[in-house]
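Asks: Would you mind keeping the following structure in view while I ask a few things?
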Amino acid sequence: MEGNSLEQTLQEGNLYRQLNCLIVAHLRHHNLTQAATAVASATMTPLDVEAPPNKLLELVAKGLAVEKDETLRGVSSSTLFDLGTALAYGSIPDPRVSSVDFSALQDTKGSSKSFSKHETRHLSEHKNIARCARFSPDGRFVATGSADMSIKLFEISKVKQMMLPDSKDGPVRPVIRTFYDHVQPINDLDFHPQSTVLISGAKDHTIKFFDFSKATAKRGFRVIQDTHNVRSVAFHPSGDFLLAGTDHPIAHLYDVNTFQCYLSANPPEIGVNGAINQVRYSSTGGMYVTASKDGAIRLWDGVSASCARSIVGAHGTAEATSACFTKDQRFVLSCGKDSTVKLWEIGTGRLVKQYLGATHTQLRCQAVFNDTEEFVLSIDEPSNEIVIWDALTAEKVAKWPSNHIGAPRWIEHSPTEAAFISCGTDRSVRFWKEIL
């Protein structure tokens with residue numbers, strides 16, 4: 001018994017040492033030097049202890065996900081969100097290949113990959129400009145939002161069925177839900193990571209919650225009333241929080257269960273033109289990024305909501321219109337109205353890649369990775385083309401006519417397969433998929 005007790009004590013001591021090392025390293029990596037020094041001193045942990053950046057956040061996120069999964073197995077249907085088991089929602093398939101290692105930043109000119117040919121199909125038409133689109137995390141659904149204040153939800157399996165040349169079952173309707181609950185144009189959408197819930201942010205200063213497991217639902221079942229035009233929305237990977245990027249220069253963090261709003265306690269100095277065009281979480285939720293009208297890209301700690309790094313003038317004096325993380329959370333891809341797409345190293349704030357050759361100065365243009373992160377896609381407004389670069393070499397590998405009347409204003413890639421959506425000023429929504 002004594003031997004077992006001693007072994008348990010030693011194991012616990014080792015666990016505490018590892019935990020203390022991770023805490024100190026986390027605080028130091030996020031420039032919280034005073035706190036890191038205090039914890040190091042109190043726990044007799046070396047201040048210069050080495051640990052991978054965001055390792056603590058990664059472990060916490062995984063632990064919370066496991067805990068939540070165990071809890072969800074025993075919950076009743078009276079919980080906040082319907083779990084959507086009827087739609088088998090939320091099981092994410094394995095990625096086709098692992099994401100690209102952008103740490104191999106040596107000159108790789110001449111080794112660009114070719115982007116597969118795609119076929120495209122007009123899916124549907126809104127009554128006004130199609131302004132935004134978002135895929136569900138499992139890639140089974142895509143939603144589009146419009147200036148006509150409606151949201152359309154498409155089921156990807158039905159979209160593919162519609163594209164088959166020999167469909168014998170008559171006309172296939174890929175739109176499975178249409179929601180009407182806003183009184184001004186819709187700016188952005190996001191899907192809950194586990195539940196059949198879609199959120200929308202709009203110019204009417206609201207965030208609406210829609211349960212798409214209910215076939216008859218037309219209106220939202222919950223609403224957050226913000227104080228500003230809601231320009232962008234993003235769920236935390238846990239599903240317990242959401243971020244709203246608004247005309248206010250600091251993102252609004254909401255608790256999904258209580259709707260309590262939190263703001264960063266120590267925001268950086270941001271000028272009058274700091275409205276947020278886009279906000280996105282990293283894959284574990286340990287960080288989030290904002291792209292602002294003042295041309296800056298700002299990285300924020302996902303726990304403390306403190307600004308970890310400001311890349312002021314990331315797109316000069318032109319608006320930064322989109323920003324998203326790589327899967328390994330080490331880089332951010334940004335797009336701006338200066339007609340550049342850029343890849344930034346998070347740890348240093350260093351510009352590591354520029355994807356040039358597409359002009360976008362008018363619309364709130366997006367730059368996105370494909371599902372494997374081997375390619376970057378964006379829009380060339382004057383030629384009305386979709387432009388594709390090799391993500392690693394930054395060489396342009398394809399330019400395709402968009403098939404929209406006028407340049408698309410939004411492009412969104414599936415997270416699980418070689419397919420993407422384009423939304424147009426011509427009100428139309430198009431689906432693109434790899435020709436196999």
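If you're wondering about the labels, chains in the structure tokens are A, B, ... by order shown, residues count from 1 in each chain, ligands from 1 in order shown.
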Residues of range 312-410 of chain A classed as strand (DSSP E or B) by DSSP on the backbone are to be reported as an MDAnalysis selection string.

Replies: chainID A and resid 320:325 331:336 341:345 351:355 368:369 375:380 385:390 396:401 408:410

Asks: Just the residues within 7 Å of range 301-308 of chain A, please, counting only C-alpha atoms, with nothing from its chain fewer than 6 positions along; format it as an MDAnalysis selection string.

Replies: chainID A and resid 30 264:268 285:288

Asks: Write out as a VMD selection string each polymer residue whose atoms come within 9 Å of Ser422 in chain A, counting only C-alpha atoms; drop sequence neighbours fewer than 6 positions from it.

Replies: chain A and resid 130 132 to 133 402 404 408 to 413 428 to 432

Asks: Just the number, please: distance in Å from CA of Gly63 in chain A to CA of Leu47 in chain A, one decimal.

Replies: 25.6 Å

Asks: In Å, rounded to a single decimal, give me how far CA of Ile176 in chain A is from CA of Ile421 in chain A.

Replies: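 CA of Ile176 in chain A lies 16.5 Å from CA of Ile421 in chain A.
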
Asks: Give me the residues near Phe209 in chain A as a PyMOL selection string, where near means some atom within 8 Å (using only C-alpha atoms) and where sequence neighbours in that chain fewer than 3 positions away do not count.

Replies: chain A and resi 197-200+220-223

Asks: Identify, on the basis of only C-alpha atoms, every residue whose closest approach to range 237-239 of chain A does not exceed 10 Å; exclude the query and any residue fewer than 2 positions from it along the same chain; express the result as a list in words.

Replies: Ala61, Lys62, Leu64, Ala65, Lys68, Pro137, Phe191, His192, Pro193, Gln194, Ser195, Ala234, Phe235, Phe241, Leu242, Asp255, Val256, Asn257, Tyr281, Ser282, Ser283, Thr284, Gly285 and Gly286 of chain A

Asks: Show me, as an MDAnalysis selection string, the residues that have an atom within 10 Å of Asp380 in chain A when counting only C-alpha atoms, minus same-chain residues fewer than 2 positions from it.

Replies: chainID A and resid 339 357:361 365 378 382:387 399:402 407:408

Asks: By how many Å are CA of Met163 in chain A and CA of Leu377 in chain A apart?

Replies: 22.5 Å

Asks: For Tyr262 in chain A, work out the shell of residues within 8 Å, counting only C-alpha atoms and skipping chain neighbours fewer than 2 positions away, then give it as a list of chain:residue names.

Replies: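 Residues meeting the cut-off are A:His252, A:Leu253, A:Tyr254, A:Gln260, A:Ser264.
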
Asks: Those selected residues, please, written with all heavy atoms and delivered as a PDB file, in the first residue's frame.

Replies:
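Printed below is result.pdb as written:
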```pdb
ATOM      1  N   HIS A 252     -17.254  41.814 -29.671  1.00  0.00           N
ATOM      2  CA  HIS A 252     -18.155  41.543 -28.556  1.00  0.00           C
ATOM      3  C   HIS A 252     -18.222  40.029 -28.354  1.00  0.00           C
ATOM      4  O   HIS A 252     -18.602  39.298 -29.265  1.00  0.00           O
ATOM      5  CB  HIS A 252     -19.550  42.090 -28.849  1.00  0.00           C
ATOM      6  CG  HIS A 252     -19.584  43.574 -29.028  1.00  0.00           C
ATOM      7  ND1 HIS A 252     -20.728  44.263 -29.378  1.00  0.00           N
ATOM      8  CD2 HIS A 252     -18.620  44.523 -28.901  1.00  0.00           C
ATOM      9  CE1 HIS A 252     -20.466  45.563 -29.457  1.00  0.00           C
ATOM     10  NE2 HIS A 252     -19.192  45.737 -29.183  1.00  0.00           N
ATOM     11  N   LEU A 253     -17.858  39.586 -27.150  1.00  0.00           N
ATOM     12  CA  LEU A 253     -17.869  38.165 -26.817  1.00  0.00           C
ATOM     13  C   LEU A 253     -19.124  37.862 -26.012  1.00  0.00           C
ATOM     14  O   LEU A 253     -19.362  38.469 -24.966  1.00  0.00           O
ATOM     15  CB  LEU A 253     -16.620  37.799 -26.004  1.00  0.00           C
ATOM     16  CG  LEU A 253     -16.537  36.368 -25.471  1.00  0.00           C
ATOM     17  CD1 LEU A 253     -16.442  35.368 -26.617  1.00  0.00           C
ATOM     18  CD2 LEU A 253     -15.351  36.203 -24.524  1.00  0.00           C
ATOM     19  N   TYR A 254     -19.948  36.924 -26.504  1.00  0.00           N
ATOM     20  CA  TYR A 254     -21.201  36.586 -25.834  1.00  0.00           C
ATOM     21  C   TYR A 254     -21.171  35.162 -25.303  1.00  0.00           C
ATOM     22  O   TYR A 254     -20.708  34.237 -25.992  1.00  0.00           O
ATOM     23  CB  TYR A 254     -22.383  36.699 -26.812  1.00  0.00           C
ATOM     24  CG  TYR A 254     -22.773  38.117 -27.146  1.00  0.00           C
ATOM     25  CD1 TYR A 254     -22.309  38.723 -28.320  1.00  0.00           C
ATOM     26  CD2 TYR A 254     -23.613  38.850 -26.304  1.00  0.00           C
ATOM     27  CE1 TYR A 254     -22.685  40.023 -28.638  1.00  0.00           C
ATOM     28  CE2 TYR A 254     -23.977  40.156 -26.618  1.00  0.00           C
ATOM     29  CZ  TYR A 254     -23.518  40.732 -27.784  1.00  0.00           C
ATOM     30  OH  TYR A 254     -23.876  42.015 -28.088  1.00  0.00           O
ATOM     31  N   GLN A 260     -24.686  37.097 -21.811  1.00  0.00           N
ATOM     32  CA  GLN A 260     -23.863  38.156 -21.220  1.00  0.00           C
ATOM     33  C   GLN A 260     -22.765  38.534 -22.210  1.00  0.00           C
ATOM     34  O   GLN A 260     -22.177  37.673 -22.862  1.00  0.00           O
ATOM     35  CB  GLN A 260     -23.248  37.680 -19.904  1.00  0.00           C
ATOM     36  CG  GLN A 260     -22.512  38.783 -19.152  1.00  0.00           C
ATOM     37  CD  GLN A 260     -22.161  38.364 -17.729  1.00  0.00           C
ATOM     38  OE1 GLN A 260     -22.620  37.335 -17.242  1.00  0.00           O
ATOM     39  NE2 GLN A 260     -21.354  39.156 -17.057  1.00  0.00           N
ATOM     40  N   SER A 264     -12.951  43.196 -24.146  1.00  0.00           N
ATOM     41  CA  SER A 264     -11.568  43.138 -23.698  1.00  0.00           C
ATOM     42  C   SER A 264     -11.312  44.214 -22.648  1.00  0.00           C
ATOM     43  O   SER A 264     -11.700  45.377 -22.810  1.00  0.00           O
ATOM     44  CB  SER A 264     -10.621  43.342 -24.890  1.00  0.00           C
ATOM     45  OG  SER A 264      -9.285  43.386 -24.448  1.00  0.00           O
TER      46      SER A 264
END
```
